[in-house]
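Here the structure is laid out as structure tokens; the discussion comes afterwards.
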Amino acid sequence: MSDALIQLFAEVLQVDPAELNDNSSPDNLKQWDSLAAMSLVVAIEEKFKVQLSTKEIMKMSTIGLARKTLQGKKVAL
Amino acid sequence: MTALDPKLTWRQYMTAQKQQPAPECDMRVAIAGSMTVEPLEPYLGAHLLGKKFKPQITVGPFNQLRQICNDHQAVLGEGPYNAIALLWRVEDLFPEMLAHCLESPAAVGKLLGEVKSLADAVSCLRKSFQGTLIVSTPPYPSMPGFQVLDVGQAAAGMLAYNVISQLWTREIAQLERVRLFDLHGLMLNAGIKQAHDVRKWQLYRQPYTETFWNDIGRILGRMIAAEKLSSKKCVVLDLDNTLWGGIVGEDGLEGLQLGDDFPGKAYRDFQRHLLYLKSKGVLLAVASKNNPDDAYEVFDKHDAMVLSRKDIAAFEIHWESKVESIKRVAKRLNIGIDSLVFVDDNPKEIGEVMERLPEVSCVTVPEELAYLPGLLAETEFFDIAEVTDEDRRRTEMMAADNIRQQTQETMSEEEFRKSLNLKIVVFAAQKQHMARVTQLINKTNQFTMTTIRRTQDEVEALASSNDSLVLGMDIKDKYGDYGLVGVSILKKQNKTCVIDTLLMSCRVLGRGAEDTFVAKLAEAARTLGCEEMRGKYIPTAKNAMVKDLYKRFKFTYDSQTDEWIVNLSNAPQTPAHIDVELRLSDKNAGSISASMV
């Protein structure tokens with residue numbers, strides 16, 4: 001599956017979207033280091049016009065969890 | 001504009017670069033900080049792309065400024081870098097000491113010692129690193145006791161910060177060619193609250209918002225570009241409703257708006273900014289549709305005028321078109337049309353100039369006059385890396401030029417040349433000449449054989465090498481001193497002397513200066529032990545005037561190498577009427593090589 005969120009992760013992490021799924025996390029994706037995490041937050045906030053709290057950011061440890069957080073904020077993905 | 005655009009631009013550029021087998025790059029920059037500075041990369045990159053560079057940006061490791069100063073290659077990699085930019089904050093490097101400063105004056109002294117030692121480390125880096133070196137001012141700290149809204153606690157924090165900032169600024173200003181980037185000022189400009197993102201500070205030790213990183217990228221991009229790109233040279237000004245309010249021909253001297261009360265104050269403050277630009281070497285010219293006597297009367301008699309007639313390098317006051325006036329200004333001042341900025345309140349005039357002279361940068365007087373004083377302050381037109389003595393004296397030299405021109409019109413060419421009592425000195429450039437030499441290399445567009453641009457460090461390296469010679473030419477005549485107006489770089493290759501660079505300011509042409517310069521190059525080449533001299537003409541959009549220069553001096557063209565060659569036994573001679581001297585002796589003994597140790 002590939003949606004706007006996967007596209008965004010692929011773009012920021014510079015990986016093929018086909019390699020990503022909701023279970024992708026810093027543990028199984030070497031490109032997702034702490035600097036990338038910072039860029040991901042910025043990209044998500046800018047693309048989906050939301051502001052994430054530190055608590056929400058801390059919880060986004062997989063793409064699936066990021067999706068859940070964003071859906072909770074009524075972002076259409 | 002959102003902050004997204006520069007990042008997208010940068011990402012697309014990086015992707016394209018990665019697809020190249022050997023990506024081109026003409027601007028390698030390293031950035032590092034006492035905090036996380038990674039977010040700066042795309043913004044700085046995009047701004048450099050906007051200035052037509054092909055940049056590559058390396059981000060140094062977090063909080064290793066001292067290590068970078070001690071051995072930048074070990075920490076940042078070989079490079080070689082064109083520029084290094086270091087950002088730092090007191091609260092990152094010395095948090096405990098800074099906190100103590102609020103309680104004890106002795107702690108301030110100790111912290112000052114640390115700051116001095118950091119400045120010494122920068123001085124060390126200056127010696128080992130040849131490119132553009134930029135360091136930030138420390139921004140006003142974000143920590144307890146320094147919060148602006150901490151009512152009643154301002155004094156201790158302010159006092160400590162001010163002495164730290166003052167010491168740092170003074171130490172850095174003393175170092176040659178270390179550029180100070182005012183991060184503190186930029187933060188005030190953006191607003192302390194607006195600049196910071198406390199979430200990112202907590203999570204990533206990255207203090208700033210994306211918008212503020214974009215601001216930092218823009219200013220750093222300008223500072224880096226100013227070393228290589230030429231800035232605008234002249235502002236051409238309308239008079240009525242631009243330098244003063246009202247129309248002098250209708251309202252009369254007394255009816256003009258110019259003084260201490262708005263709107264007169266806006267015009268007066270604008271004139272003050274123009275005077276400041278003049279002190280940086282920018283020429284001021286006037287293009288006005290007016291009766292000349294009316295216009296001059298304002299300059300001569302109006303008490304509130306900040307600018308006087310002698311501040312203006314060229315007047316075009318008549319009823320002909322502004323396009324014609326602008327062309328004449330460029331011709332009289334001997335500068336390219338594209339180095340002019342035109343300011344007028346009349347959209348029709350602006351429109352006509354934009355259409356017929358698209359190279360001219362046009363600025364319209366704003367409807368809201370309160371913005372007039374800052375009109376040119378927030379542009380990039382006059383970004384100058386270093387202001388030289390020649391810059392400060394430019395308008396005065398132009399005035400001497402005008403007298404020369406009038407004399408020339410009344411005499412024959414030959415008589416005129418003799419009457420000038422031209423005195424020319426060609427010399428091996430020393431340390432004190434480097435800023436001016438570099439400036440000429442980077443801004444001369446017309447009388448230049450190769451148009452090879454270089455940074456000051458590159459020029460210094462050539463000047464201190466045994467296989468090359470950086471020559472300057474000084475010219476004086478009975479009307480005044482032109483200063484350093486010609487540069488050549490000679491490179492010795494066995495018995496051949498290659499003319500890498502040969503350029504002159506157009507203001508001095510037509511007096512025999514170019515003949516003299518070429519003759520002295522030949523003499524210098526002989527002292528290097530060479531038997532022939534070779535040089536290229538590399539055409540650009542602007543240097544057609546020197547297309548046949550080598551031919552004129554009896555060089556022969558070699559189509560195989562695209563070079564012009566002359567045997568030194570047969571080289572051009574100095575014209576008879578010129579008093580000329582060649583000084584090469586202090587090469588190598590000079591202060592350049594000594595200062596590098």
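Following the order of the structure tokens, chains are lettered A, B, ..., residues in each are numbered from 1, and ligands are numbered from 1.
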Test item: residues at most 10 Å from range 564-568 of chain B, only C-alpha atoms, excluding those fewer than 2 positions along its chain, as a PyMOL selection string:
chain B and resi 496-499+519+522-523+525-526+530-537+549-551+553-559+561-562+570-572
For chain A against chain B, with a cut-off of 12 Å and counting only C-alpha atoms, what is the closest atom pair and its distance in Å to one decimal for every residue that makes the cut, ordered by chain and number, as a tab-separated table?
```
residue	atom	partner	partner_atom	distance
A:Glu11	CA	B:Arg11	CA	8.8
A:Val12	CA	B:Arg11	CA	8.9
A:Leu13	CA	B:Arg11	CA	11.3
A:Gln14	CA	B:Thr15	CA	9.2
A:Val15	CA	B:Thr15	CA	11.8
A:Asp33	CA	B:Tyr204	CA	11.6
A:Ser34	CA	B:Tyr204	CA	7.8
A:Leu35	CA	B:Glu38	CA	7.6
A:Ala36	CA	B:Glu38	CA	9.8
A:Ala37	CA	B:Tyr204	CA	9.1
A:Met38	CA	B:Tyr204	CA	7.0
A:Ser39	CA	B:Pro39	CA	7.6
A:Leu40	CA	B:Pro39	CA	11.4
A:Val41	CA	B:Lys200	CA	9.4
A:Val42	CA	B:Glu210	CA	7.9
A:Ala43	CA	B:Leu4	CA	8.4
A:Ile44	CA	B:Leu4	CA	11.2
A:Glu45	CA	B:Leu4	CA	10.6
A:Glu46	CA	B:Leu4	CA	7.1
A:Lys47	CA	B:Leu4	CA	8.5
A:Phe48	CA	B:Leu4	CA	11.9
A:Lys49	CA	B:Thr2	CA	11.4
A:Gln51	CA	B:Arg199	CA	10.5
A:Leu52	CA	B:Arg199	CA	9.1
A:Ser53	CA	B:Arg199	CA	7.5
A:Thr54	CA	B:Arg199	CA	6.1
A:Lys55	CA	B:Arg199	CA	9.8
A:Glu56	CA	B:Arg199	CA	11.1
A:Ile57	CA	B:Leu203	CA	9.0
A:Met58	CA	B:Leu203	CA	8.7
```
Could you please take those selected residues and save N, CA and C atoms as a compact mmCIF listing (two decimals), in the first residue's frame?
```txt
# COMPACT_ATOMS: atom_id res chain seq x y z
N GLU A 11 10.15 9.82 0.73
CA GLU A 11 10.86 10.99 0.24
C GLU A 11 11.91 11.47 1.25
N VAL A 12 11.51 11.56 2.49
CA VAL A 12 12.43 12.07 3.51
C VAL A 12 13.55 11.07 3.79
N LEU A 13 13.19 9.78 3.85
CA LEU A 13 14.20 8.77 4.18
C LEU A 13 14.99 8.33 2.95
N GLN A 14 14.55 8.80 1.76
CA GLN A 14 15.22 8.45 0.51
C GLN A 14 15.25 6.94 0.31
N VAL A 15 14.08 6.29 0.47
CA VAL A 15 13.98 4.86 0.18
C VAL A 15 12.80 4.65 -0.77
N ASP A 33 17.20 7.37 11.36
CA ASP A 33 17.98 7.65 12.57
C ASP A 33 17.40 8.91 13.24
N SER A 34 18.09 9.39 14.27
CA SER A 34 17.48 10.48 15.03
C SER A 34 17.39 11.78 14.22
N LEU A 35 18.37 12.01 13.32
CA LEU A 35 18.28 13.21 12.48
C LEU A 35 17.12 13.08 11.50
N ALA A 36 16.93 11.85 10.97
CA ALA A 36 15.82 11.63 10.05
C ALA A 36 14.50 11.84 10.80
N ALA A 37 14.46 11.39 12.05
CA ALA A 37 13.24 11.57 12.84
C ALA A 37 12.86 13.04 12.91
N MET A 38 13.88 13.88 13.09
CA MET A 38 13.64 15.32 13.17
C MET A 38 13.08 15.83 11.84
N SER A 39 13.68 15.38 10.73
CA SER A 39 13.19 15.81 9.42
C SER A 39 11.77 15.30 9.17
N LEU A 40 11.47 14.09 9.66
CA LEU A 40 10.13 13.53 9.46
C LEU A 40 9.08 14.38 10.16
N VAL A 41 9.38 14.79 11.37
CA VAL A 41 8.43 15.62 12.11
C VAL A 41 8.15 16.91 11.34
N VAL A 42 9.22 17.54 10.88
CA VAL A 42 9.05 18.79 10.12
C VAL A 42 8.21 18.54 8.86
N ALA A 43 8.54 17.46 8.15
CA ALA A 43 7.83 17.17 6.89
C ALA A 43 6.35 16.90 7.15
N ILE A 44 6.07 16.12 8.20
CA ILE A 44 4.66 15.81 8.52
C ILE A 44 3.92 17.09 8.88
N GLU A 45 4.54 17.91 9.72
CA GLU A 45 3.86 19.14 10.14
C GLU A 45 3.58 20.07 8.96
N GLU A 46 4.55 20.15 8.06
CA GLU A 46 4.37 21.07 6.93
C GLU A 46 3.37 20.51 5.92
N LYS A 47 3.49 19.21 5.65
CA LYS A 47 2.62 18.64 4.61
C LYS A 47 1.16 18.56 5.07
N PHE A 48 0.95 18.14 6.31
CA PHE A 48 -0.44 17.94 6.76
C PHE A 48 -0.96 19.10 7.60
N LYS A 49 -0.18 20.16 7.66
CA LYS A 49 -0.60 21.38 8.37
C LYS A 49 -1.09 21.07 9.78
N GLN A 51 0.27 20.54 14.08
CA GLN A 51 1.35 20.73 15.04
C GLN A 51 1.34 19.52 15.97
N LEU A 52 2.48 18.85 16.07
CA LEU A 52 2.56 17.66 16.90
C LEU A 52 3.12 18.02 18.27
N SER A 53 2.58 17.40 19.31
CA SER A 53 3.14 17.63 20.64
C SER A 53 4.33 16.68 20.82
N THR A 54 5.17 16.97 21.80
CA THR A 54 6.31 16.09 22.04
C THR A 54 5.81 14.68 22.37
N LYS A 55 4.69 14.61 23.10
CA LYS A 55 4.13 13.30 23.45
C LYS A 55 3.77 12.52 22.19
N GLU A 56 3.12 13.20 21.27
CA GLU A 56 2.74 12.53 20.01
C GLU A 56 3.97 12.11 19.22
N ILE A 57 4.96 13.00 19.20
CA ILE A 57 6.19 12.69 18.46
C ILE A 57 6.86 11.44 19.05
N MET A 58 6.90 11.38 20.38
CA MET A 58 7.53 10.24 21.04
C MET A 58 6.83 8.92 20.70
```
Who sits within 12 Å of Glu414 in chain B, only C-alpha atoms, same chain under 5 positions skipped, as a PyMOL selection string:
chain B and resi 408+419-420+510-512+575-577
So what do you get for CA of Thr448 in chain B versus CA of Asp500 in chain B, distance-wise?
10.6 Å
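The neighbours of Gly191 in chain B here are the residues that come within 12 Å of it, using only C-alpha atoms and leaving out any residue fewer than 5 positions away in the same chain; they are Pro139, Tyr140, Val148, Leu183, His184, Gly185, Leu186, His196, Tyr208, Thr209, Thr211, Phe212 and Asp215 of chain B.
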Selected residues written out, C-alpha atoms, as a short mmCIF file (atom, residue, chain, number, x, y, z; two decimals), in the first residue's frame:
```cif
data_model
loop_
_atom_site.label_atom_id
_atom_site.label_comp_id
_atom_site.auth_asym_id
_atom_site.auth_seq_id
_atom_site.Cartn_x
_atom_site.Cartn_y
_atom_site.Cartn_z
CA PRO B 139 22.67 34.94 20.46
CA TYR B 140 21.16 36.19 23.71
CA VAL B 148 13.31 38.52 28.72
CA LEU B 183 23.05 35.38 14.63
CA HIS B 184 22.01 37.43 17.65
CA GLY B 185 20.83 40.31 15.49
CA LEU B 186 19.02 37.97 13.14
CA HIS B 196 12.62 29.17 18.75
CA TYR B 208 15.08 26.94 16.00
CA THR B 209 11.98 26.95 13.83
CA THR B 211 11.41 29.71 9.28
CA PHE B 212 14.38 30.89 11.31
CA ASP B 215 16.55 33.20 7.60
#
```
Spatial neighbours of Ala10 in chain A, 12 Å, only C-alpha atoms, chain gap at least 3 places, as a compact mmCIF listing (two decimals) with N, CA and C atoms, in the first residue's frame:
```txt
# COMPACT_ATOMS: atom_id res chain seq x y z
N SER A 2 0.42 2.23 -0.71
CA SER A 2 1.20 3.47 -0.75
C SER A 2 0.24 4.65 -0.71
N ASP A 3 0.33 5.42 0.34
CA ASP A 3 -0.52 6.60 0.43
C ASP A 3 0.36 7.82 0.69
N ALA A 4 -0.26 8.92 0.99
CA ALA A 4 0.49 10.17 1.16
C ALA A 4 1.54 10.05 2.27
N LEU A 5 1.21 9.27 3.31
CA LEU A 5 2.15 9.17 4.43
C LEU A 5 3.38 8.34 4.05
N ILE A 6 3.12 7.22 3.37
CA ILE A 6 4.24 6.38 2.91
C ILE A 6 5.12 7.19 1.94
N GLN A 7 4.46 7.93 1.05
CA GLN A 7 5.21 8.76 0.10
C GLN A 7 6.12 9.74 0.84
N LEU A 13 13.19 9.78 3.85
CA LEU A 13 14.20 8.77 4.18
C LEU A 13 14.99 8.33 2.95
N GLN A 14 14.55 8.80 1.76
CA GLN A 14 15.22 8.45 0.51
C GLN A 14 15.25 6.94 0.31
N VAL A 15 14.08 6.29 0.47
CA VAL A 15 13.98 4.86 0.18
C VAL A 15 12.80 4.65 -0.77
N ASP A 16 12.78 3.47 -1.38
CA ASP A 16 11.70 3.10 -2.28
C ASP A 16 10.42 2.91 -1.46
N PRO A 17 9.30 3.54 -1.87
CA PRO A 17 8.06 3.39 -1.10
C PRO A 17 7.66 1.91 -0.93
N ALA A 18 8.06 1.07 -1.91
CA ALA A 18 7.70 -0.35 -1.82
C ALA A 18 8.35 -1.02 -0.61
N GLU A 19 9.43 -0.46 -0.13
CA GLU A 19 10.11 -1.05 1.03
C GLU A 19 9.44 -0.69 2.35
N LEU A 20 8.46 0.23 2.29
CA LEU A 20 7.87 0.73 3.54
C LEU A 20 6.48 0.15 3.77
N ASN A 21 6.17 -0.09 5.03
CA ASN A 21 4.79 -0.44 5.39
C ASN A 21 4.54 0.05 6.81
N SER A 24 7.19 -0.40 9.48
CA SER A 24 8.52 0.20 9.37
C SER A 24 8.80 1.06 10.60
N LEU A 29 14.76 -0.08 9.88
CA LEU A 29 15.08 0.80 8.74
C LEU A 29 16.27 1.67 9.12
N GLN A 31 17.86 3.94 7.61
CA GLN A 31 17.81 5.37 7.26
C GLN A 31 17.08 6.20 8.33
N TRP A 32 16.26 5.55 9.15
CA TRP A 32 15.43 6.27 10.13
C TRP A 32 16.23 6.47 11.41
N ALA A 36 16.93 11.85 10.97
CA ALA A 36 15.82 11.63 10.05
C ALA A 36 14.50 11.84 10.80
N LEU A 40 11.47 14.09 9.66
CA LEU A 40 10.13 13.53 9.46
C LEU A 40 9.08 14.38 10.16
N ALA A 43 8.54 17.46 8.15
CA ALA A 43 7.83 17.17 6.89
C ALA A 43 6.35 16.90 7.15
N ILE A 63 5.50 3.67 11.25
CA ILE A 63 4.66 4.43 10.33
C ILE A 63 3.19 4.25 10.70
```
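For the pair CA of Arg177 in chain B and CA of Asp92 in chain B, the interatomic distance is 25.8 Å.
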Taking the backbone alone, and naming residues the way the document does, which bits of range 54-212 of chain B are helix (DSSP H, G or I) by DSSP, as a PyMOL selection string?
chain B and resi 65-70+72-76+90-93+95-101+105-128+154-174+183-190+192-195+198-204+210-212
Mind the document's chain letters and residue numbers, and return as a PyMOL selection string the residues of range 25-264 of chain B that DSSP labels strand (DSSP E).
chain B and resi 27-33+55-59+83-87+132-136+178-181+234-237
Between CA of Val178 in chain B and CA of Glu24 in chain B, measure the distance and give it in Å to one decimal.
27.4 Å
Shell of 12 Å around Ser142 in chain B, only C-alpha atoms, local chain residues under 5 positions omitted, as a ChimeraX atom specification
/B:89-92,95,98-99,147-150,157,161,184,187,192-193,195-198,201,207-208
Near Arg328 in chain B, counting only C-alpha atoms, which residues have an atom at most 9 Å away, once you skip same-chain residues fewer than 5 positions from it, shown as a PDB file with N, CA, C and O atoms, in the first residue's frame?
```
ATOM      1  N   GLU B 316      22.222  63.768 -14.365  1.00  0.00           N
ATOM      2  CA  GLU B 316      21.552  63.854 -15.668  1.00  0.00           C
ATOM      3  C   GLU B 316      20.230  64.569 -15.404  1.00  0.00           C
ATOM      4  O   GLU B 316      19.225  63.951 -15.053  1.00  0.00           O
ATOM      5  N   VAL B 323      15.653  56.504 -19.756  1.00  0.00           N
ATOM      6  CA  VAL B 323      16.460  55.453 -20.388  1.00  0.00           C
ATOM      7  C   VAL B 323      17.766  56.061 -20.903  1.00  0.00           C
ATOM      8  O   VAL B 323      18.859  55.533 -20.669  1.00  0.00           O
ATOM      9  N   LEU B 333      30.347  56.961 -15.957  1.00  0.00           N
ATOM     10  CA  LEU B 333      31.020  56.338 -14.806  1.00  0.00           C
ATOM     11  C   LEU B 333      31.775  55.080 -15.217  1.00  0.00           C
ATOM     12  O   LEU B 333      32.423  54.443 -14.384  1.00  0.00           O
TER      13      LEU B 333
END
```
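With only C-alpha atoms as the atoms that count, the minimum distance from Leu521 in chain B to the choices B:Ala119, B:Ile578, B:Met473, B:Val282 is reached by B:Met473.
Closest approach to Ile84 in chain B from the set B:Gly221, B:Pro42, B:Gly529, B:Gly252 is made by B:Gly221, with distances taken over only C-alpha atoms.
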